[in-house]
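S.K.: mmCIF, C-alpha atoms, saved as my_file_8.cif, coming up:
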data_coords
#
loop_
_atom_site.group_PDB
_atom_site.id
_atom_site.type_symbol
_atom_site.label_atom_id
_atom_site.label_comp_id
_atom_site.auth_asym_id
_atom_site.auth_seq_id
_atom_site.Cartn_x
_atom_site.Cartn_y
_atom_site.Cartn_z
ATOM 1 C CA MET A 1 138.598 115.281 -13.435
ATOM 2 C CA LEU A 2 140.026 118.566 -12.308
ATOM 3 C CA LEU A 3 140.087 120.399 -15.626
ATOM 4 C CA SER A 4 136.753 119.216 -16.965
ATOM 5 C CA ARG A 5 135.057 120.829 -13.963
ATOM 6 C CA PHE A 6 136.484 124.307 -14.368
ATOM 7 C CA LEU A 7 138.837 125.311 -17.130
ATOM 8 C CA VAL A 8 138.154 123.080 -20.124
ATOM 9 C CA PRO A 9 134.567 124.381 -20.592
ATOM 10 C CA CYS A 10 136.023 127.897 -20.423
ATOM 11 C CA LEU A 11 138.626 127.098 -23.071
ATOM 12 C CA VAL A 12 135.991 125.679 -25.398
ATOM 13 C CA ALA A 13 133.718 128.675 -24.802
ATOM 14 C CA CYS A 14 136.599 131.060 -25.552
ATOM 15 C CA GLY A 15 137.210 129.438 -28.937
ATOM 16 C CA ILE A 16 140.669 128.184 -28.068
ATOM 17 C CA VAL A 17 142.187 126.178 -30.890
ATOM 18 C CA ASN A 18 143.850 122.844 -30.384
ATOM 19 C CA ALA A 19 147.607 122.739 -30.550
ATOM 20 C CA ARG A 20 149.332 119.713 -32.038
ATOM 21 C CA ALA A 21 152.096 118.109 -30.023
ATOM 22 C CA ASP A 22 155.050 116.717 -31.928
ATOM 23 C CA GLN A 23 157.308 113.872 -30.865
ATOM 24 C CA ILE A 24 158.455 113.984 -27.287
ATOM 25 C CA LEU A 25 162.197 113.686 -26.808
ATOM 26 C CA GLU A 26 163.708 113.750 -23.330
ATOM 27 C CA GLY A 27 161.017 115.939 -21.825
ATOM 28 C CA PHE A 28 160.730 118.410 -24.696
ATOM 29 C CA THR A 29 157.724 118.863 -26.941
ATOM 30 C CA VAL A 30 156.900 121.137 -29.854
ATOM 31 C CA LEU A 31 153.407 122.523 -30.283
ATOM 32 C CA LYS A 32 152.732 123.785 -33.776
ATOM 33 C CA GLY A 33 149.901 124.887 -35.957
ATOM 34 C CA ASP A 34 149.016 127.464 -38.573
ATOM 35 C CA GLY A 35 151.549 130.289 -38.074
ATOM 36 C CA TYR A 36 153.046 129.149 -34.767
ATOM 37 C CA ALA A 37 155.519 126.665 -33.336
ATOM 38 C CA PHE A 38 156.931 126.652 -29.823
ATOM 39 C CA GLU A 39 158.861 124.315 -27.584
ATOM 40 C CA LEU A 40 158.328 123.475 -23.913
ATOM 41 C CA LYS A 41 160.352 121.351 -21.511
ATOM 42 C CA ALA A 42 158.740 119.397 -18.699
ATOM 43 C CA PRO A 43 159.822 120.645 -15.278
ATOM 44 C CA LEU A 44 162.186 118.502 -13.216
ATOM 45 C CA GLY A 45 160.170 115.662 -11.656
ATOM 46 C CA TRP A 46 157.156 116.220 -13.950
ATOM 47 C CA VAL A 47 155.795 114.026 -16.744
ATOM 48 C CA LEU A 48 155.060 115.338 -20.230
ATOM 49 C CA ASP A 49 152.103 113.430 -21.709
ATOM 50 C CA ASP A 50 150.718 114.048 -25.201
ATOM 51 C CA LYS A 51 147.972 111.387 -25.095
ATOM 52 C CA VAL A 52 146.015 111.460 -21.830
ATOM 53 C CA GLY A 53 144.364 114.885 -22.336
ATOM 54 C CA ASN A 54 143.338 114.285 -25.947
ATOM 55 C CA ASP A 55 139.730 113.367 -25.093
ATOM 56 C CA GLN A 56 139.424 116.828 -23.494
ATOM 57 C CA GLY A 57 140.906 118.587 -26.513
ATOM 58 C CA ILE A 58 144.269 119.108 -24.789
ATOM 59 C CA ASN A 59 147.256 117.914 -26.777
ATOM 60 C CA VAL A 60 149.967 118.131 -24.143
ATOM 61 C CA VAL A 61 149.757 118.009 -20.352
ATOM 62 C CA PHE A 62 152.244 117.960 -17.488
ATOM 63 C CA TYR A 63 151.863 116.442 -14.035
ATOM 64 C CA PRO A 64 154.189 115.408 -11.214
ATOM 65 C CA GLU A 65 156.049 112.127 -11.417
ATOM 66 C CA HIS A 66 154.295 109.368 -9.410
ATOM 67 C CA ALA A 67 150.911 111.008 -10.094
ATOM 68 C CA THR A 68 148.358 110.671 -12.882
ATOM 69 C CA TRP A 69 146.587 113.308 -14.962
ATOM 70 C CA ASP A 70 143.190 112.614 -13.414
ATOM 71 C CA LYS A 71 144.337 112.152 -9.801
ATOM 72 C CA SER A 72 147.147 114.700 -9.474
ATOM 73 C CA ASP A 73 146.664 117.603 -7.071
ATOM 74 C CA ALA A 74 148.349 119.894 -9.630
ATOM 75 C CA VAL A 75 148.565 119.745 -13.428
ATOM 76 C CA CYS A 76 149.756 122.038 -16.220
ATOM 77 C CA PHE A 77 148.870 122.253 -19.889
ATOM 78 C CA ALA A 78 149.552 124.471 -22.889
ATOM 79 C CA ARG A 79 147.074 125.941 -25.360
ATOM 80 C CA VAL A 80 146.942 128.410 -28.247
ATOM 81 C CA ARG A 81 144.321 130.938 -29.298
ATOM 82 C CA THR A 82 144.445 132.461 -32.754
ATOM 83 C CA LEU A 83 143.923 136.228 -32.716
ATOM 84 C CA ASP A 84 140.599 137.444 -34.099
ATOM 85 C CA THR A 85 138.416 140.559 -34.012
ATOM 86 C CA HIS A 86 137.180 139.651 -30.503
ATOM 87 C CA VAL A 87 140.567 138.829 -28.912
ATOM 88 C CA ASN A 88 143.649 140.609 -30.196
ATOM 89 C CA ASN A 89 145.907 140.762 -27.097
ATOM 90 C CA ILE A 90 146.531 139.200 -23.700
ATOM 91 C CA GLU A 91 144.291 141.589 -21.749
ATOM 92 C CA GLU A 92 141.340 140.815 -24.050
ATOM 93 C CA GLN A 93 142.056 137.075 -23.642
ATOM 94 C CA VAL A 94 142.003 137.407 -19.842
ATOM 95 C CA LYS A 95 138.688 139.324 -19.957
ATOM 96 C CA ASP A 96 137.253 136.704 -22.317
ATOM 97 C CA SER A 97 138.371 133.872 -20.010
ATOM 98 C CA VAL A 98 136.777 135.521 -16.960
ATOM 99 C CA LYS A 99 133.549 136.093 -18.891
ATOM 100 C CA ALA A 100 133.474 132.459 -20.046
ATOM 101 C CA LEU A 101 134.117 131.231 -16.493
ATOM 102 C CA ARG A 102 131.277 133.381 -15.161
ATOM 103 C CA ASP A 103 128.980 132.238 -17.971
ATOM 104 C CA ASN A 104 129.787 128.609 -17.090
ATOM 105 C CA GLY A 105 128.708 128.669 -13.446
ATOM 106 C CA ASN A 106 131.520 130.586 -11.729
ATOM 107 C CA PRO A 107 129.942 134.023 -11.066
ATOM 108 C CA LYS A 108 132.760 135.033 -8.677
ATOM 109 C CA ALA A 109 135.572 134.231 -11.128
ATOM 110 C CA GLU A 110 138.311 136.859 -11.246
ATOM 111 C CA ALA A 111 141.799 137.226 -12.713
ATOM 112 C CA LYS A 112 144.645 139.197 -11.158
ATOM 113 C CA PHE A 113 147.934 140.084 -12.853
ATOM 114 C CA MET A 114 150.810 138.820 -10.677
ATOM 115 C CA LYS A 115 154.127 139.148 -12.524
ATOM 116 C CA THR A 116 156.005 138.828 -15.806
ATOM 117 C CA LEU A 117 158.525 136.054 -16.469
ATOM 118 C CA THR A 118 161.149 136.091 -19.210
ATOM 119 C CA THR A 119 161.235 132.895 -21.267
ATOM 120 C CA GLN A 120 164.101 130.959 -22.875
ATOM 121 C CA ASP A 121 163.770 133.033 -26.060
ATOM 122 C CA ALA A 122 163.375 136.365 -24.179
ATOM 123 C CA SER A 123 159.602 136.502 -24.706
ATOM 124 C CA LYS A 124 157.592 138.062 -21.887
ATOM 125 C CA ALA A 125 155.034 135.802 -20.176
ATOM 126 C CA LYS A 126 152.357 137.676 -18.222
ATOM 127 C CA ILE A 127 151.176 135.610 -15.254
ATOM 128 C CA TYR A 128 147.587 135.912 -14.002
ATOM 129 C CA TYR A 129 146.072 134.087 -11.037
ATOM 130 C CA TYR A 130 142.437 133.024 -11.303
ATOM 131 C CA SER A 131 140.110 132.742 -8.305
ATOM 132 C CA GLY A 132 136.405 132.281 -7.629
ATOM 133 C CA ASP A 133 136.103 128.743 -8.980
ATOM 134 C CA GLN A 134 133.056 127.004 -7.543
ATOM 135 C CA PHE A 135 135.135 123.847 -6.949
ATOM 136 C CA GLY A 136 137.913 125.577 -5.009
ATOM 137 C CA ASN A 137 140.620 125.086 -7.642
ATOM 138 C CA ASN A 138 143.586 127.465 -7.716
ATOM 139 C CA GLU A 139 144.910 128.459 -11.126
ATOM 140 C CA ALA A 140 147.653 130.479 -12.761
ATOM 141 C CA THR A 141 148.039 131.131 -16.475
ATOM 142 C CA ALA A 142 151.064 132.494 -18.299
ATOM 143 C CA TYR A 143 150.156 134.339 -21.509
ATOM 144 C CA ILE A 144 152.682 134.953 -24.275
ATOM 145 C CA GLN A 145 151.746 137.249 -27.146
ATOM 146 C CA ALA A 146 152.898 135.840 -30.488
ATOM 147 C CA LYS A 147 152.526 137.224 -34.008
ATOM 148 C CA GLY A 148 149.094 135.792 -34.853
ATOM 149 C CA SER A 149 148.158 134.029 -31.630
ATOM 150 C CA ILE A 150 148.362 133.968 -27.865
ATOM 151 C CA HIS A 151 150.174 131.012 -26.298
ATOM 152 C CA PHE A 152 149.365 130.115 -22.755
ATOM 153 C CA ILE A 153 150.421 127.680 -20.098
ATOM 154 C CA THR A 154 148.084 126.940 -17.208
ATOM 155 C CA LEU A 155 148.662 125.488 -13.745
ATOM 156 C CA SER A 156 145.522 124.089 -12.123
ATOM 157 C CA ALA A 157 145.605 122.803 -8.536
ATOM 158 C CA ARG A 158 142.970 121.304 -6.257
ATOM 159 C CA SER A 159 144.134 123.202 -3.151
ATOM 160 C CA ALA A 160 146.089 126.285 -2.132
ATOM 161 C CA LYS A 161 148.903 124.072 -0.784
ATOM 162 C CA ALA A 162 149.163 122.058 -4.008
ATOM 163 C CA PHE A 163 149.155 125.354 -5.930
ATOM 164 C CA ARG A 164 152.003 126.837 -3.830
ATOM 165 C CA ASP A 165 153.986 123.586 -4.055
ATOM 166 C CA ALA A 166 153.614 123.481 -7.864
ATOM 167 C CA LEU A 167 154.488 127.134 -8.554
ATOM 168 C CA PRO A 168 158.261 126.504 -8.970
ATOM 169 C CA ALA A 169 157.524 123.771 -11.554
ATOM 170 C CA PHE A 170 155.040 126.077 -13.310
ATOM 171 C CA ASP A 171 157.619 128.880 -13.468
ATOM 172 C CA ALA A 172 160.194 126.415 -14.869
ATOM 173 C CA LEU A 173 157.718 125.247 -17.523
ATOM 174 C CA VAL A 174 156.866 128.832 -18.502
ATOM 175 C CA THR A 175 160.495 129.957 -18.707
ATOM 176 C CA SER A 176 161.347 126.915 -20.880
ATOM 177 C CA TYR A 177 159.087 128.359 -23.630
ATOM 178 C CA GLU A 178 160.844 129.030 -26.917
ATOM 179 C CA ASP A 179 159.059 130.437 -29.971
ATOM 180 C CA LEU A 180 160.518 128.507 -32.901
ATOM 181 C CA THR A 181 159.224 131.023 -35.455
ATOM 182 C CA LYS A 182 161.414 133.855 -34.113
ATOM 183 C CA PRO A 183 164.625 134.551 -36.013
ATOM 184 C CA PRO A 184 167.772 133.576 -34.081
ATOM 185 C CA ALA A 185 169.324 136.299 -31.925
ATOM 186 C CA GLU A 186 172.142 138.299 -33.408
ATOM 187 C CA VAL A 187 175.340 136.365 -32.714
ATOM 188 C CA SER A 188 177.606 138.944 -34.301
ATOM 189 C CA SER A 189 177.022 141.328 -31.382
ATOM 190 C CA LEU A 190 178.606 138.767 -29.066
ATOM 191 C CA PHE A 191 181.933 139.057 -30.862
ATOM 192 C CA HIS A 192 182.256 142.868 -30.793
#
Hey, can you dump this file as structure tokens for me?

M.R.:
Amino acid sequence: MLLSRFLVPCLVACGIVNARADQILEGFTVLKGDGYAFELKAPLGWVLDDKVGNDQGINVVFYPEHATWDKSDAVCFARVRTLDTHVNNIEEQVKDSVKALRDNGNPKAEAKFMKTLTTQDASKAKIYYYSGDQFGNNEATAYIQAKGSIHFITLSARSAKAFRDALPAFDALVTSYEDLTKPPAEVSSLFH
């Protein structure tokens, strides 16, 4: 399994908390927990699955149509980390992830900031690419700073080609993010 080899041990080592997926309706899901709730929409041609990753502690996963979670060349998933004294922002989370990867048999693991995407609710998602995986996986993670937690969406691919091919779907998944705890935008300004 792609994730069990590389990223899942890192997530466990980093103290990432499980997110709970709500009912899936037409490709949308809500992940919620203590102090957070956000919505994601599966990219066009991708499956949203809230069961198959459960044995790995992942509540919602995404993979291309006509593929499976364990056999797909590219998969995505969403996670949440509650802020604590060790990790209080995205940069600290990235450093913690790299440290955990190195501690778990990937001494050449590195993260590089690539870009920022704006999400459905105007949040800023910082995208980092990870390299140095001993299994040759290619990964990107979008981090979104929330009030008491960091929300992130990860793309993991078995090859550079699968990674490049999946990037548009990853960007669509990231930009579909909507923090449901944010107050609605001011509508009155639209009428002035």

S.K.: Return as a PyMOL selection string the set of residues that the PyMOL selection byres ((chain A and resi 147-164) around 8) yields on the displayed structure.

M.R.: chain A and resi 2-3+35-36+73-83+89-90+136-146+165-167+170+174

S.K.: Name every residue that the PyMOL selection byres ((chain A and resi 121) around 7) selects in this structure, writing the answer as number ranges by chain with chains first and numbers rising.

M.R.: A: 119-120, 122-123, 178-179

S.K.: Please work out which residues fall within 9 Å of (158.2, 134.2, -11.8), coordinates as given in the file, with only C-alpha atoms counting, and return them as a list in words.

M.R.: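 Residues close enough to count: Met114, Lys115, Thr116, Leu117, Thr118, Ile127, Leu167, Pro168, Phe170, Asp171, Ala172, Val174 and Thr175 of chain A.
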
S.K.: As a check of understanding, name the residues that the PyMOL selection byres ((chain A and resi 58-72) around 6) selects in the supplied structure, as an MDAnalysis selection string.

M.R.: chainID A and resid 1 20:21 45:50 53:54 56:57 73:77

S.K.: As an exercise, work out the distance from CA of Ala100 (chain A) to CA of Thr29 (chain A) in Å and give it to one decimal place.

M.R.: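 Atom-to-atom, CA of Ala100 (chain A) and CA of Thr29 (chain A) are spaced 28.6 Å apart.
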
S.K.: Mind giving me the straight-line distance from CA of Lys95 (chain A) to CA of Lys126 (chain A) in Å, one decimal?

M.R.: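 Value for the CA of Lys95 (chain A)-CA of Lys126 (chain A) distance: 13.9 Å.
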
S.K.: What gap, in Å, lies between CA of Arg102 (chain A) and CA of Val52 (chain A)?

M.R.: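 Atom-to-atom, CA of Arg102 (chain A) to CA of Val52 (chain A), that is 27.2 Å.
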
S.K.: Contacts of Asp133 (chain A) at 9 Å or less, counting only C-alpha atoms, minus same-chain residues fewer than 2 places along, as a list in words?

M.R.: Phe6, Leu101, Gly105, Asn106, Pro107, Lys108, Ala109, Glu110, Tyr130, Ser131, Phe135, Gly136, Asn137 and Asn138 of chain A

S.K.: Between A:Glu91, A:Asp84, A:Asp96, A:Glu39, which has the minimum distance to Lys182 (chain A) (counting only C-alpha atoms)?

M.R.: A:Glu39

S.K.: Have a look at A:Gln134, A:Lys32, A:Gly27, A:Lys124 and name the one nearest to Leu44 (chain A); count only C-alpha atoms.

M.R.: A:Gly27

S.K.: Show which residues sit within 8 Å of Ala37 (chain A), as a PyMOL selection string. Count all atoms listed in the file, and ignore same-chain residues fewer than 4 positions away.

M.R.: chain A and resi 30-33+179-181

S.K.: I need the residue nearest Ala125 (chain A) from this list: A:Val87, A:Ala111, A:Leu173, A:Val98. Use all atoms listed in the file for the distance.

M.R.: A:Leu173
